[in-house]
Amino acid sequence: MTTSGADQVTHTARAHSFNAVAAQYADHRPTYPPALFHTIEDLTGRPLAGSRVADVGAGTGLATARLLERGARVVAVEPGEDMAAEFRRRIPGTPVVRGDGNALPLAAGSADLITYAQSWHWTDPARSVPEAIRVLRPGGSLALWWNTSALDVPWIAEASARAGEHFGRDFSRGKDELDAPVADPSGRLGLRRHLVRWSRRIPVDAHLANIGSHSLFLVQDPGRTAAFLAEERRHVLEVFPDGIVEETYDVVLLLASLPQAA
């Protein structure tokens, strides 16, 4: 599939949009549940404790922090200057290098695990797949994951439909589209797909700040975003009149392991 020049400009603008809201992103984006990391350990057959992990597209360190809690030795890779600065502020002492998945600033065979939390879709698989294979040691693993809205929850499905109408897009199949052939059209990695459900309860203001930190909102007119979020507040408070919102997510995990050395 080819990408037009206008589409590429939009994609690039969205990829860089997070730098302007690094603190908001760090404060309000959902983290990842312990069950996700248990699943990664089970599927790779290796504990995270002591593993050499490259967390690529690390942003402000939401996934890095969880990996560190499990004893992993993490080096973060982040292209955005402001996101990297927020990372250093929140996780001092953990190395973060500037770069992206299309040209990893890491030595060959240096990682037991490479992780992409909410970030693989910003790469070009024609370049990021060979780079992952280069940097992983024999037997090492690549884990890609995304928090996706649980659309079987009625209020979430309704909110997704409103957002789709706002942007003129269909978000009803977003989770299904995060699949191995999309992530790796070459099929070289042999990615397998897994789902992990979890939820969190947060104030309505935090819920709206989370929504507003997504790139589709960040690149549109601020007044239009504010109007949408004001209307969304009204809808959400009809479901959660006490102002505490229960967000439910399915983490889509795509995982592959390289063969062991002969």
# chains A, B, ... in the order shown; residues from 1 in each chain; ligands from 1
call {"tool": "residues_around", "arguments": {"residues": "Asp124 of chain A", "least_positions_apart": "2", "cutoff": "12 Å", "atoms": "only C-alpha atoms", "output": "mmCIF file with N, CA and C atoms, in the first residue's frame"}}
result
data_model
loop_
_atom_site.group_PDB
_atom_site.id
_atom_site.type_symbol
_atom_site.label_atom_id
_atom_site.label_comp_id
_atom_site.auth_asym_id
_atom_site.auth_seq_id
_atom_site.Cartn_x
_atom_site.Cartn_y
_atom_site.Cartn_z
ATOM 1 N N THR A 3 1.641 5.394 0.312
ATOM 2 C CA THR A 3 1.206 6.498 1.168
ATOM 3 C C THR A 3 1.429 7.796 0.421
ATOM 4 N N GLN A 8 1.643 11.264 4.530
ATOM 5 C CA GLN A 8 2.914 11.161 5.223
ATOM 6 C C GLN A 8 3.159 12.379 6.096
ATOM 7 N N HIS A 11 0.986 11.905 9.141
ATOM 8 C CA HIS A 11 1.560 10.862 9.996
ATOM 9 C C HIS A 11 2.744 11.411 10.785
ATOM 10 N N THR A 12 3.606 12.159 10.115
ATOM 11 C CA THR A 12 4.775 12.729 10.775
ATOM 12 C C THR A 12 4.362 13.746 11.833
ATOM 13 N N ASP A 100 14.989 6.004 16.790
ATOM 14 C CA ASP A 100 13.704 5.362 16.560
ATOM 15 C C ASP A 100 13.913 3.956 16.014
ATOM 16 N N GLY A 101 12.814 3.235 15.860
ATOM 17 C CA GLY A 101 12.879 1.837 15.487
ATOM 18 C C GLY A 101 13.357 1.573 14.083
ATOM 19 N N ASN A 102 13.367 2.580 13.237
ATOM 20 C CA ASN A 102 13.829 2.383 11.865
ATOM 21 C C ASN A 102 15.345 2.350 11.759
ATOM 22 N N ALA A 103 16.033 2.829 12.782
ATOM 23 C CA ALA A 103 17.503 2.824 12.807
ATOM 24 C C ALA A 103 17.925 2.832 14.271
ATOM 25 N N SER A 119 3.924 2.027 20.161
ATOM 26 C CA SER A 119 4.837 2.789 19.312
ATOM 27 C C SER A 119 5.225 2.110 18.004
ATOM 28 N N TRP A 120 4.983 0.827 17.840
ATOM 29 C CA TRP A 120 5.406 0.148 16.609
ATOM 30 C C TRP A 120 4.757 0.761 15.371
ATOM 31 N N HIS A 121 3.513 1.257 15.494
ATOM 32 C CA HIS A 121 2.797 1.800 14.338
ATOM 33 C C HIS A 121 3.415 3.095 13.809
ATOM 34 N N TRP A 122 4.357 3.676 14.557
ATOM 35 C CA TRP A 122 5.064 4.855 14.052
ATOM 36 C C TRP A 122 6.294 4.462 13.240
ATOM 37 N N ALA A 126 9.330 -2.286 7.013
ATOM 38 C CA ALA A 126 10.387 -2.689 6.088
ATOM 39 C C ALA A 126 11.766 -2.389 6.667
ATOM 40 N N ARG A 127 11.830 -1.421 7.585
ATOM 41 C CA ARG A 127 13.096 -1.067 8.223
ATOM 42 C C ARG A 127 13.152 -1.552 9.672
ATOM 43 N N SER A 128 12.039 -1.455 10.393
ATOM 44 C CA SER A 128 12.074 -1.790 11.818
ATOM 45 C C SER A 128 12.153 -3.295 12.079
ATOM 46 N N VAL A 129 11.609 -4.122 11.172
ATOM 47 C CA VAL A 129 11.729 -5.571 11.351
ATOM 48 C C VAL A 129 13.187 -6.012 11.254
ATOM 49 N N PRO A 130 13.931 -5.652 10.176
ATOM 50 C CA PRO A 130 15.348 -6.031 10.144
ATOM 51 C C PRO A 130 16.159 -5.470 11.304
ATOM 52 N N GLU A 131 15.817 -4.264 11.756
ATOM 53 C CA GLU A 131 16.532 -3.671 12.882
ATOM 54 C C GLU A 131 16.301 -4.476 14.163
ATOM 55 N N ALA A 132 15.073 -4.903 14.397
ATOM 56 C CA ALA A 132 14.791 -5.712 15.582
ATOM 57 C C ALA A 132 15.568 -7.026 15.528
ATOM 58 N N VAL A 182 -0.269 -6.843 9.613
ATOM 59 C CA VAL A 182 -0.127 -5.388 9.563
ATOM 60 C C VAL A 182 1.193 -4.971 10.204
ATOM 61 N N ALA A 183 1.517 -5.574 11.347
ATOM 62 C CA ALA A 183 2.742 -5.211 12.063
ATOM 63 C C ALA A 183 3.990 -5.660 11.314
ATOM 64 N N ASP A 184 3.900 -6.809 10.641
ATOM 65 C CA ASP A 184 5.048 -7.343 9.915
ATOM 66 C C ASP A 184 4.585 -7.942 8.594
ATOM 67 N N PRO A 185 4.394 -7.111 7.570
ATOM 68 C CA PRO A 185 3.922 -7.630 6.282
ATOM 69 C C PRO A 185 4.849 -8.684 5.680
ATOM 70 N N SER A 186 6.122 -8.664 6.062
ATOM 71 C CA SER A 186 7.068 -9.644 5.518
ATOM 72 C C SER A 186 6.860 -11.038 6.097
#
call {"tool": "select_by_dssp", "arguments": {"residues": "segment 28-209 of chain A", "states": "strand (DSSP E)", "output": "PyMOL selection string"}}
result
chain A and resi 52-56+73-77+96-97+111-117+136-149+192-203
call {"tool": "write_last_selection", "arguments": {"atoms": "C-alpha atoms", "output": "compact mmCIF listing (two decimals), in the first residue's frame"}}
result
# COMPACT_ATOMS: atom_id res chain seq x y z
CA ARG A 52 18.55 -6.78 28.80
CA VAL A 53 15.55 -4.89 27.44
CA ALA A 54 15.39 -2.15 24.82
CA ASP A 55 12.15 -0.18 25.22
CA VAL A 56 11.71 1.58 21.88
CA ARG A 73 17.90 -3.87 32.79
CA VAL A 74 16.39 -1.31 30.45
CA VAL A 75 17.77 1.10 27.89
CA ALA A 76 15.09 3.36 26.44
CA VAL A 77 15.02 4.67 22.87
CA VAL A 96 17.46 6.96 27.31
CA VAL A 97 19.00 7.50 23.89
CA ALA A 111 19.04 -7.24 23.69
CA ASP A 112 17.21 -10.21 25.20
CA LEU A 113 13.91 -8.42 24.61
CA ILE A 114 12.81 -5.44 22.54
CA THR A 115 9.53 -3.82 23.55
CA TYR A 116 7.32 -1.37 21.69
CA ALA A 117 4.52 -0.02 23.90
CA LEU A 136 18.11 -9.14 19.34
CA ARG A 137 20.42 -11.91 20.50
CA PRO A 138 19.70 -15.46 19.25
CA GLY A 139 16.62 -16.66 21.11
CA GLY A 140 15.66 -13.08 21.98
CA SER A 141 12.08 -11.81 21.69
CA LEU A 142 10.18 -8.85 20.29
CA ALA A 143 7.03 -7.71 22.08
CA LEU A 144 4.67 -5.11 20.59
CA TRP A 145 1.59 -4.00 22.50
CA TRP A 146 -1.21 -1.47 22.54
CA ASN A 147 -3.86 -0.52 25.08
CA THR A 148 -7.11 -0.64 23.10
CA SER A 149 -10.60 0.32 24.27
CA ARG A 192 1.61 -14.33 17.64
CA ARG A 193 -1.37 -12.36 18.98
CA HIS A 194 -2.64 -12.37 22.58
CA LEU A 195 -5.15 -10.25 24.53
CA VAL A 196 -4.95 -9.12 28.15
CA ARG A 197 -7.96 -7.31 29.68
CA TRP A 198 -7.70 -4.87 32.54
CA SER A 199 -9.36 -1.70 33.85
CA ARG A 200 -8.68 1.38 35.93
CA ARG A 201 -10.86 3.88 37.80
CA ILE A 202 -9.94 7.56 37.42
CA PRO A 203 -11.60 11.00 37.82
call {"tool": "select_by_dssp", "arguments": {"residues": "segment 126-217 of chain A", "states": "alpha helix (DSSP H)", "output": "PyMOL selection string"}}
result
chain A and resi 126-135+154-167+174-177+180-183+204-212+215-217
call {"tool": "residues_around", "arguments": {"residues": "Thr44 of chain A", "least_positions_apart": "2", "cutoff": "9 Å", "atoms": "only C-alpha atoms", "output": "short mmCIF file (atom, residue, chain, number, x, y, z; two decimals) with N, CA and C atoms, in the first residue's frame"}}
result
data_model
loop_
_atom_site.label_atom_id
_atom_site.label_comp_id
_atom_site.auth_asym_id
_atom_site.auth_seq_id
_atom_site.Cartn_x
_atom_site.Cartn_y
_atom_site.Cartn_z
N THR A 39 2.44 -12.55 31.12
CA THR A 39 2.22 -13.21 29.83
C THR A 39 3.50 -13.20 29.00
N ILE A 40 4.20 -12.08 28.96
CA ILE A 40 5.45 -12.00 28.21
C ILE A 40 6.47 -13.00 28.76
N GLU A 41 6.58 -13.09 30.07
CA GLU A 41 7.51 -14.04 30.67
C GLU A 41 7.12 -15.48 30.34
N ASP A 42 5.84 -15.78 30.42
CA ASP A 42 5.38 -17.14 30.12
C ASP A 42 5.66 -17.51 28.67
N ARG A 46 11.36 -16.73 29.77
CA ARG A 46 12.49 -16.05 30.41
C ARG A 46 11.96 -14.98 31.36
N PRO A 47 12.48 -14.93 32.59
CA PRO A 47 12.04 -13.87 33.50
C PRO A 47 12.55 -12.52 33.03
N GLY A 139 17.58 -16.27 20.08
CA GLY A 139 16.62 -16.66 21.11
C GLY A 139 15.92 -15.49 21.76
N GLY A 140 16.31 -14.26 21.41
CA GLY A 140 15.66 -13.08 21.98
C GLY A 140 14.26 -12.88 21.42
N SER A 141 13.50 -11.99 22.04
CA SER A 141 12.08 -11.81 21.69
C SER A 141 11.74 -10.35 21.43
N LEU A 255 3.83 -10.98 19.81
CA LEU A 255 5.12 -11.41 20.33
C LEU A 255 5.74 -12.46 19.42
N ALA A 256 7.05 -12.36 19.24
CA ALA A 256 7.81 -13.34 18.47
C ALA A 256 9.16 -13.54 19.11
N SER A 257 9.69 -14.75 19.00
CA SER A 257 11.04 -15.06 19.49
C SER A 257 11.89 -15.58 18.35
#
call {"tool": "residues_around", "arguments": {"residues": "Thr31 of chain A", "least_positions_apart": "2", "cutoff": "10 Å", "atoms": "only C-alpha atoms", "output": "list in words"}}
result
Ala26, Asp27, His28, Arg29, Pro33, Pro34, Gly61, Leu62, Ala63, Ala65, Arg66, Ala117, Asn147 and Arg200 of chain A
call {"tool": "closest_residue", "arguments": {"among": "A:Thr225, A:Gln260, A:Gln220, A:Ser213", "to": "Pro30 of chain A", "atoms": "only C-alpha atoms"}}
result
A:Ser213
call {"tool": "closest_residue", "arguments": {"among": "A:Leu218, A:Arg162, A:Asp152, A:Leu229", "to": "Thr248 of chain A", "atoms": "only C-alpha atoms"}}
result
A:Asp152
call {"tool": "closest_residue", "arguments": {"among": "A:Ala49, A:Ala230, A:Leu178, A:Leu43", "to": "Asp250 of chain A", "atoms": "only C-alpha atoms"}}
result
A:Leu178
